[in-house]
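**Q** What follows is a structure written as structure tokens; I'll ask about it next.
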Number of protein chains: 2
Amino acid sequence: MESQVERDELAHADPDAVDLTAVLAALAEPARLKIVRTVAAYGGDDGIACLDVWEKSGLTATKSTMSHHYKVLREAGLVVMWWVGAKKHVRLRRELVDVRWPGLLDAVLADQAPAHG
Amino acid sequence: MESQVERDELAHADPDAVDLTAVLAALAEPARLKIVRTVAAYGGDDGIACLDVWEKSGLTATKSTMSHHYKVLREAGLVVMWWVGAKKHVRLRRELVDVRWPGLLDAVLADQAPAHG
DNA sequence: CGAACTGTACGACCACTATCGAACTCAAGG
DNA sequence: CCTTGAGTTCGATAGTGGTCGTACAGTTCG
């Protein structure tokens with residue numbers, strides 16, 4: 001990507017470039033699914049800080065692993081991230097996902113089984 | 001496998017044991033997504049023969065690869081398969097998937113992009 | 001400035017999995 | 001019985017990807 005990526009928009013997927021298999025693959029990972037659930041539950045338009053996601057979700061992965069998952073979610077077009085002071089916020093891109101695949105995110109988020117038992 | 005699996009029901013997922021991540025992972029594979037699309041398009045209650053799926057879908061994978069994909073789809077609970085003479089038929093388990101995750105399959109099947117460009 | 005905090009980038013390791021070929025099973029039909 | 005056809009299973013291989021440790025880049029605060 002030759003576009004000068006500011007610190008506020010890094011490696012986000014273009015609306016036209018989003019691929020269904022990428023979205024499904026992103027959501028198929030239990031840790032990422034839990035991240036998405038947590039962001040959906042606690043993050044509104046202002047999003048939620050990554051550290052708060054980590055605490056609320058109960059995930060035990062390291063920072064680098066979490067960062068990797070966020071990257072996958074960004075590139076799939078599922079979330080957007082931006083800096084708020086020293087903390088990074090994340091929110092769902094419902095305006096994109098719900099238009100491209102109506103009902104998909106709702107169906108996934110409505111599932112009650114925590115995807116690990 | 002301690003259960004004597006008949007030739008008509010082999011390795012199908014229990015309705016209670018189906019997992020969302022397994023379903024998403026099954027659909028995240030382009031070849032399997034194309035299989036599901038083809039089965040949805042051409043297979044009704046009587047299903048569609050595996051060989052017909054292969055021809056209609058335009059997939060170039062070998063028989064063993066196709067068999068592997070069918071196994072993943074079965075274990076995820078997405079499809080059922082049974083023998084009709086010497087041919088095997090496959091159909092979607094909408095009665096299971098649509099109840100567990102309403103709107104999920106519809107959202108995936110409604111997508112127009114063929115998941116590879 | 002320097003220390004603490006938050007998150008990313010990179011390399012390495014390991015597990016999983018998509019793919020294929022070959023051998024096998026079962027059914028259908030001379 | 002033998003051949004053909006339709007799928008499965010097994011073993012091997014190659015590629016993908018989740019995980020971690022370490023190093024790095026910014027921000028905040030003393």
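So you can find residues: chains in the structure tokens are A, B, ... in the order shown, residues in each start at 1, and ligands are numbered from 1 in order.
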Using only C-alpha atoms (C1' of nucleotides), find which residues of chain A lie within 9 Å of chain C and jot them down as a list in words.
**A**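 For chain A, the answer reads Cys50, Leu51, Lys63, Ser64, Ser67, His68, Ala86, Lys87 and Lys88 of chain A.
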**Q** Could the residues in this selection be saved with C-alpha atoms as a PDB file, in the first residue's frame?
**A**
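See selection.pdb below for the written result:
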```
ATOM      1  CA  CYS A  50      -8.199  -2.669  23.313  1.00  0.00           C
ATOM      2  CA  LEU A  51      -7.080  -3.161  26.879  1.00  0.00           C
ATOM      3  CA  LYS A  63      -0.242  -8.447  23.403  1.00  0.00           C
ATOM      4  CA  SER A  64       1.361  -9.540  20.160  1.00  0.00           C
ATOM      5  CA  SER A  67      -2.481  -7.347  17.909  1.00  0.00           C
ATOM      6  CA  HIS A  68      -2.344 -10.057  15.268  1.00  0.00           C
ATOM      7  CA  ALA A  86      -2.257   6.564  24.428  1.00  0.00           C
ATOM      8  CA  LYS A  87      -5.011   4.007  24.043  1.00  0.00           C
ATOM      9  CA  LYS A  88      -6.396   2.487  20.898  1.00  0.00           C
TER      10      LYS A  88
END
```
**Q** Per DSSP on the backbone, filter chain A down to the residues in strand (DSSP E) and report them as a ChimeraX atom specification.
**A** /A:48-49,79-84,87-92
**Q** Using only C-alpha atoms (C1' of nucleotides), select each residue of chain D with any atom at most 10 Å away from an atom of chain B, and give the selection as an NGL selection string.
**A** :D and (5-9)
**Q** Could those selected residues go to a file with C-alpha atoms (C1' of nucleotides), as a PDB file, in the first residue's frame?
**A**
```
ATOM      1  C1'  DG D   5     -17.903 -46.110 -11.837  1.00  0.00           C
ATOM      2  C1'  DA D   6     -18.486 -43.371  -7.436  1.00  0.00           C
ATOM      3  C1'  DG D   7     -16.518 -42.136  -2.941  1.00  0.00           C
ATOM      4  C1'  DT D   8     -13.708 -43.029   1.070  1.00  0.00           C
ATOM      5  C1'  DT D   9      -9.386 -43.689   3.574  1.00  0.00           C
TER       6       DT D   9
END
```
**Q** Residues of chain A that have any atom at most 7 Å from an atom of chain B: could you tabulate them with the shortest-distance atom pair and the distance in Å to one decimal, using only C-alpha atoms, ordered by chain and increasing number, as a Markdown table?
**A**
```
| residue | atom | partner | partner_atom | distance |
| --- | --- | --- | --- | --- |
| A:Asp19 | CA | B:Ala115 | CA | 6.2 |
| A:Leu20 | CA | B:Ala115 | CA | 6.1 |
| A:Thr21 | CA | B:Ala28 | CA | 4.6 |
| A:Ala22 | CA | B:Ala28 | CA | 7.0 |
| A:Leu24 | CA | B:Ala28 | CA | 5.0 |
| A:Ala25 | CA | B:Ala28 | CA | 5.0 |
| A:Leu27 | CA | B:Leu24 | CA | 6.8 |
| A:Ala28 | CA | B:Thr21 | CA | 4.5 |
| A:Glu29 | CA | B:Thr21 | CA | 6.5 |
| A:Pro30 | CA | B:Thr21 | CA | 6.6 |
| A:Trp101 | CA | B:Ala107 | CA | 5.6 |
| A:Pro102 | CA | B:Ala107 | CA | 5.9 |
| A:Gly103 | CA | B:Gly103 | CA | 5.7 |
| A:Leu104 | CA | B:Ala107 | CA | 5.3 |
| A:Ala107 | CA | B:Leu104 | CA | 5.3 |
| A:Asp111 | CA | B:Trp101 | CA | 6.5 |
| A:Ala115 | CA | B:Leu20 | CA | 6.3 |
```
**Q** Would you save the residues from that selection as an mmCIF file, in the first residue's frame, using C-alpha atoms?
**A**
```
data_model
loop_
_atom_site.group_PDB
_atom_site.id
_atom_site.type_symbol
_atom_site.label_atom_id
_atom_site.label_comp_id
_atom_site.auth_asym_id
_atom_site.auth_seq_id
_atom_site.Cartn_x
_atom_site.Cartn_y
_atom_site.Cartn_z
ATOM 1 C CA ASP A 19 -14.123 -10.675 0.811
ATOM 2 C CA LEU A 20 -16.682 -12.990 2.349
ATOM 3 C CA THR A 21 -14.211 -15.795 2.962
ATOM 4 C CA ALA A 22 -11.924 -13.364 4.773
ATOM 5 C CA LEU A 24 -15.766 -15.905 7.743
ATOM 6 C CA ALA A 25 -12.167 -16.909 8.388
ATOM 7 C CA LEU A 27 -14.851 -14.968 12.713
ATOM 8 C CA ALA A 28 -14.001 -18.669 12.686
ATOM 9 C CA GLU A 29 -11.218 -18.166 15.204
ATOM 10 C CA PRO A 30 -12.570 -18.488 18.774
ATOM 11 C CA TRP A 101 -23.900 -9.152 4.042
ATOM 12 C CA PRO A 102 -27.196 -8.242 5.707
ATOM 13 C CA GLY A 103 -27.952 -10.423 8.700
ATOM 14 C CA LEU A 104 -24.543 -12.055 8.873
ATOM 15 C CA ALA A 107 -26.700 -14.081 13.163
ATOM 16 C CA ASP A 111 -25.421 -17.150 18.944
ATOM 17 C CA ALA A 115 -17.843 -21.149 20.991
#
```
**Q** Can you give chain A as a CSV table (one decimal) with C-alpha atoms, in the first residue's frame after you superpose it on chain B, pairing all C-alpha atoms in order for the least-squares fit?
**A**
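part_19.csv was written with the following content:
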```
chain,number,residue,atom,x,y,z
A,1,MET,CA,-17.7,-43.0,17.7
A,2,GLU,CA,-18.7,-46.4,18.8
A,3,SER,CA,-22.1,-46.2,17.1
A,4,GLN,CA,-22.4,-48.6,14.2
A,5,VAL,CA,-22.3,-46.2,11.3
A,6,GLU,CA,-24.3,-47.5,8.5
A,7,ARG,CA,-23.4,-46.7,4.9
A,8,ASP,CA,-26.2,-44.2,4.8
A,9,GLU,CA,-25.1,-42.0,7.7
A,10,LEU,CA,-21.4,-41.5,8.1
A,11,ALA,CA,-19.8,-39.0,10.4
A,12,HIS,CA,-22.7,-36.6,10.6
A,13,ALA,CA,-22.6,-34.0,13.4
A,14,ASP,CA,-25.1,-34.3,16.2
A,15,PRO,CA,-27.4,-31.3,16.4
A,16,ASP,CA,-26.3,-30.5,19.9
A,17,ALA,CA,-22.6,-30.8,19.1
A,18,VAL,CA,-22.5,-28.3,16.2
A,19,ASP,CA,-20.1,-25.4,16.9
A,20,LEU,CA,-20.3,-22.0,15.3
A,21,THR,CA,-16.6,-21.8,14.7
A,22,ALA,CA,-16.7,-25.1,12.9
A,23,VAL,CA,-19.5,-23.8,10.7
A,24,LEU,CA,-17.6,-20.6,9.9
A,25,ALA,CA,-14.4,-22.4,9.3
A,26,ALA,CA,-16.1,-24.8,6.9
A,27,LEU,CA,-17.6,-21.9,5.0
A,28,ALA,CA,-14.4,-19.9,5.0
A,29,GLU,CA,-12.8,-22.2,2.5
A,30,PRO,CA,-13.6,-21.0,-1.1
A,31,ALA,CA,-14.0,-24.5,-2.5
A,32,ARG,CA,-16.4,-25.5,0.3
A,33,LEU,CA,-18.3,-22.3,0.0
A,34,LYS,CA,-18.7,-23.0,-3.7
A,35,ILE,CA,-19.9,-26.5,-2.9
A,36,VAL,CA,-22.5,-25.1,-0.5
A,37,ARG,CA,-23.6,-22.6,-3.1
A,38,THR,CA,-24.0,-25.3,-5.7
A,39,VAL,CA,-25.9,-27.6,-3.3
A,40,ALA,CA,-28.2,-24.7,-2.4
A,41,ALA,CA,-28.8,-23.8,-6.0
A,42,TYR,CA,-29.3,-27.3,-7.5
A,43,GLY,CA,-30.1,-29.5,-4.6
A,44,GLY,CA,-33.6,-29.6,-3.2
A,45,ASP,CA,-35.0,-32.1,-0.7
A,46,ASP,CA,-33.7,-35.0,-2.8
A,47,GLY,CA,-30.2,-33.4,-2.7
A,48,ILE,CA,-27.8,-33.5,-5.6
A,49,ALA,CA,-25.3,-36.1,-6.6
A,50,CYS,CA,-21.7,-35.3,-5.6
A,51,LEU,CA,-20.5,-35.7,-9.2
A,52,ASP,CA,-23.1,-33.2,-10.3
A,53,VAL,CA,-21.9,-30.8,-7.7
A,54,TRP,CA,-18.4,-31.2,-9.1
A,55,GLU,CA,-19.6,-30.5,-12.7
A,56,LYS,CA,-21.9,-27.7,-11.8
A,57,SER,CA,-19.5,-25.9,-9.5
A,58,GLY,CA,-16.6,-26.0,-12.0
A,59,LEU,CA,-14.2,-27.1,-9.3
A,60,THR,CA,-11.1,-28.8,-10.4
A,61,ALA,CA,-10.1,-30.6,-7.2
A,62,THR,CA,-9.5,-34.3,-7.2
A,63,LYS,CA,-12.0,-36.8,-5.7
A,64,SER,CA,-10.0,-37.2,-2.5
A,65,THR,CA,-10.0,-33.4,-2.0
A,66,MET,CA,-13.7,-33.2,-2.7
A,67,SER,CA,-14.3,-36.0,-0.2
A,68,HIS,CA,-12.3,-34.2,2.4
A,69,HIS,CA,-14.3,-31.0,1.9
A,70,TYR,CA,-17.6,-33.0,2.2
A,71,LYS,CA,-16.3,-34.5,5.4
A,72,VAL,CA,-15.6,-31.1,6.9
A,73,LEU,CA,-19.1,-29.9,5.8
A,74,ARG,CA,-20.7,-33.0,7.4
A,75,GLU,CA,-18.9,-32.7,10.7
A,76,ALA,CA,-19.8,-29.0,10.8
A,77,GLY,CA,-23.4,-30.0,10.5
A,78,LEU,CA,-23.9,-28.1,7.3
A,79,VAL,CA,-24.9,-31.0,5.0
A,80,VAL,CA,-26.2,-34.5,5.1
A,81,MET,CA,-25.2,-37.2,2.6
A,82,TRP,CA,-26.7,-40.5,1.7
A,83,TRP,CA,-26.4,-43.1,-1.0
A,84,VAL,CA,-28.7,-43.4,-4.0
A,85,GLY,CA,-27.6,-46.4,-5.9
A,86,ALA,CA,-24.0,-46.0,-6.7
A,87,LYS,CA,-24.1,-42.2,-6.4
A,88,LYS,CA,-24.0,-40.2,-3.2
A,89,HIS,CA,-26.4,-37.3,-2.7
A,90,VAL,CA,-25.9,-34.2,-0.6
A,91,ARG,CA,-28.3,-31.6,0.7
A,92,LEU,CA,-28.1,-28.7,3.1
A,93,ARG,CA,-29.2,-29.2,6.7
A,94,ARG,CA,-31.2,-26.0,6.8
A,95,GLU,CA,-33.6,-27.4,9.4
A,96,LEU,CA,-30.6,-27.5,11.7
A,97,VAL,CA,-28.5,-24.5,10.7
A,98,ASP,CA,-31.5,-22.1,10.4
A,99,VAL,CA,-32.6,-23.0,13.9
A,100,ARG,CA,-29.2,-22.7,15.6
A,101,TRP,CA,-28.1,-19.6,13.7
A,102,PRO,CA,-31.1,-17.9,12.0
A,103,GLY,CA,-30.1,-15.8,9.0
A,104,LEU,CA,-26.5,-17.1,8.8
A,105,LEU,CA,-26.9,-19.3,5.8
A,106,ASP,CA,-29.2,-16.9,4.1
A,107,ALA,CA,-26.6,-14.1,4.6
A,108,VAL,CA,-23.8,-16.3,3.2
A,109,LEU,CA,-25.8,-17.5,0.2
A,110,ALA,CA,-27.1,-14.1,-0.7
A,111,ASP,CA,-23.6,-12.9,-1.2
A,112,GLN,CA,-23.0,-12.3,-4.9
A,113,ALA,CA,-19.2,-12.1,-5.1
A,114,PRO,CA,-18.0,-15.6,-6.0
A,115,ALA,CA,-15.4,-15.4,-3.3
A,116,HIS,CA,-12.5,-15.4,-5.7
A,117,GLY,CA,-12.3,-12.1,-7.3
```
**Q** Name the residues of chain B that fall into helix (DSSP H, G or I) according to DSSP on the backbone, using the chain letters and numbers of this document, as a PyMOL selection string.
**A** chain B and resi 20-27+30-42+50-57+63-76+94-100+104-110
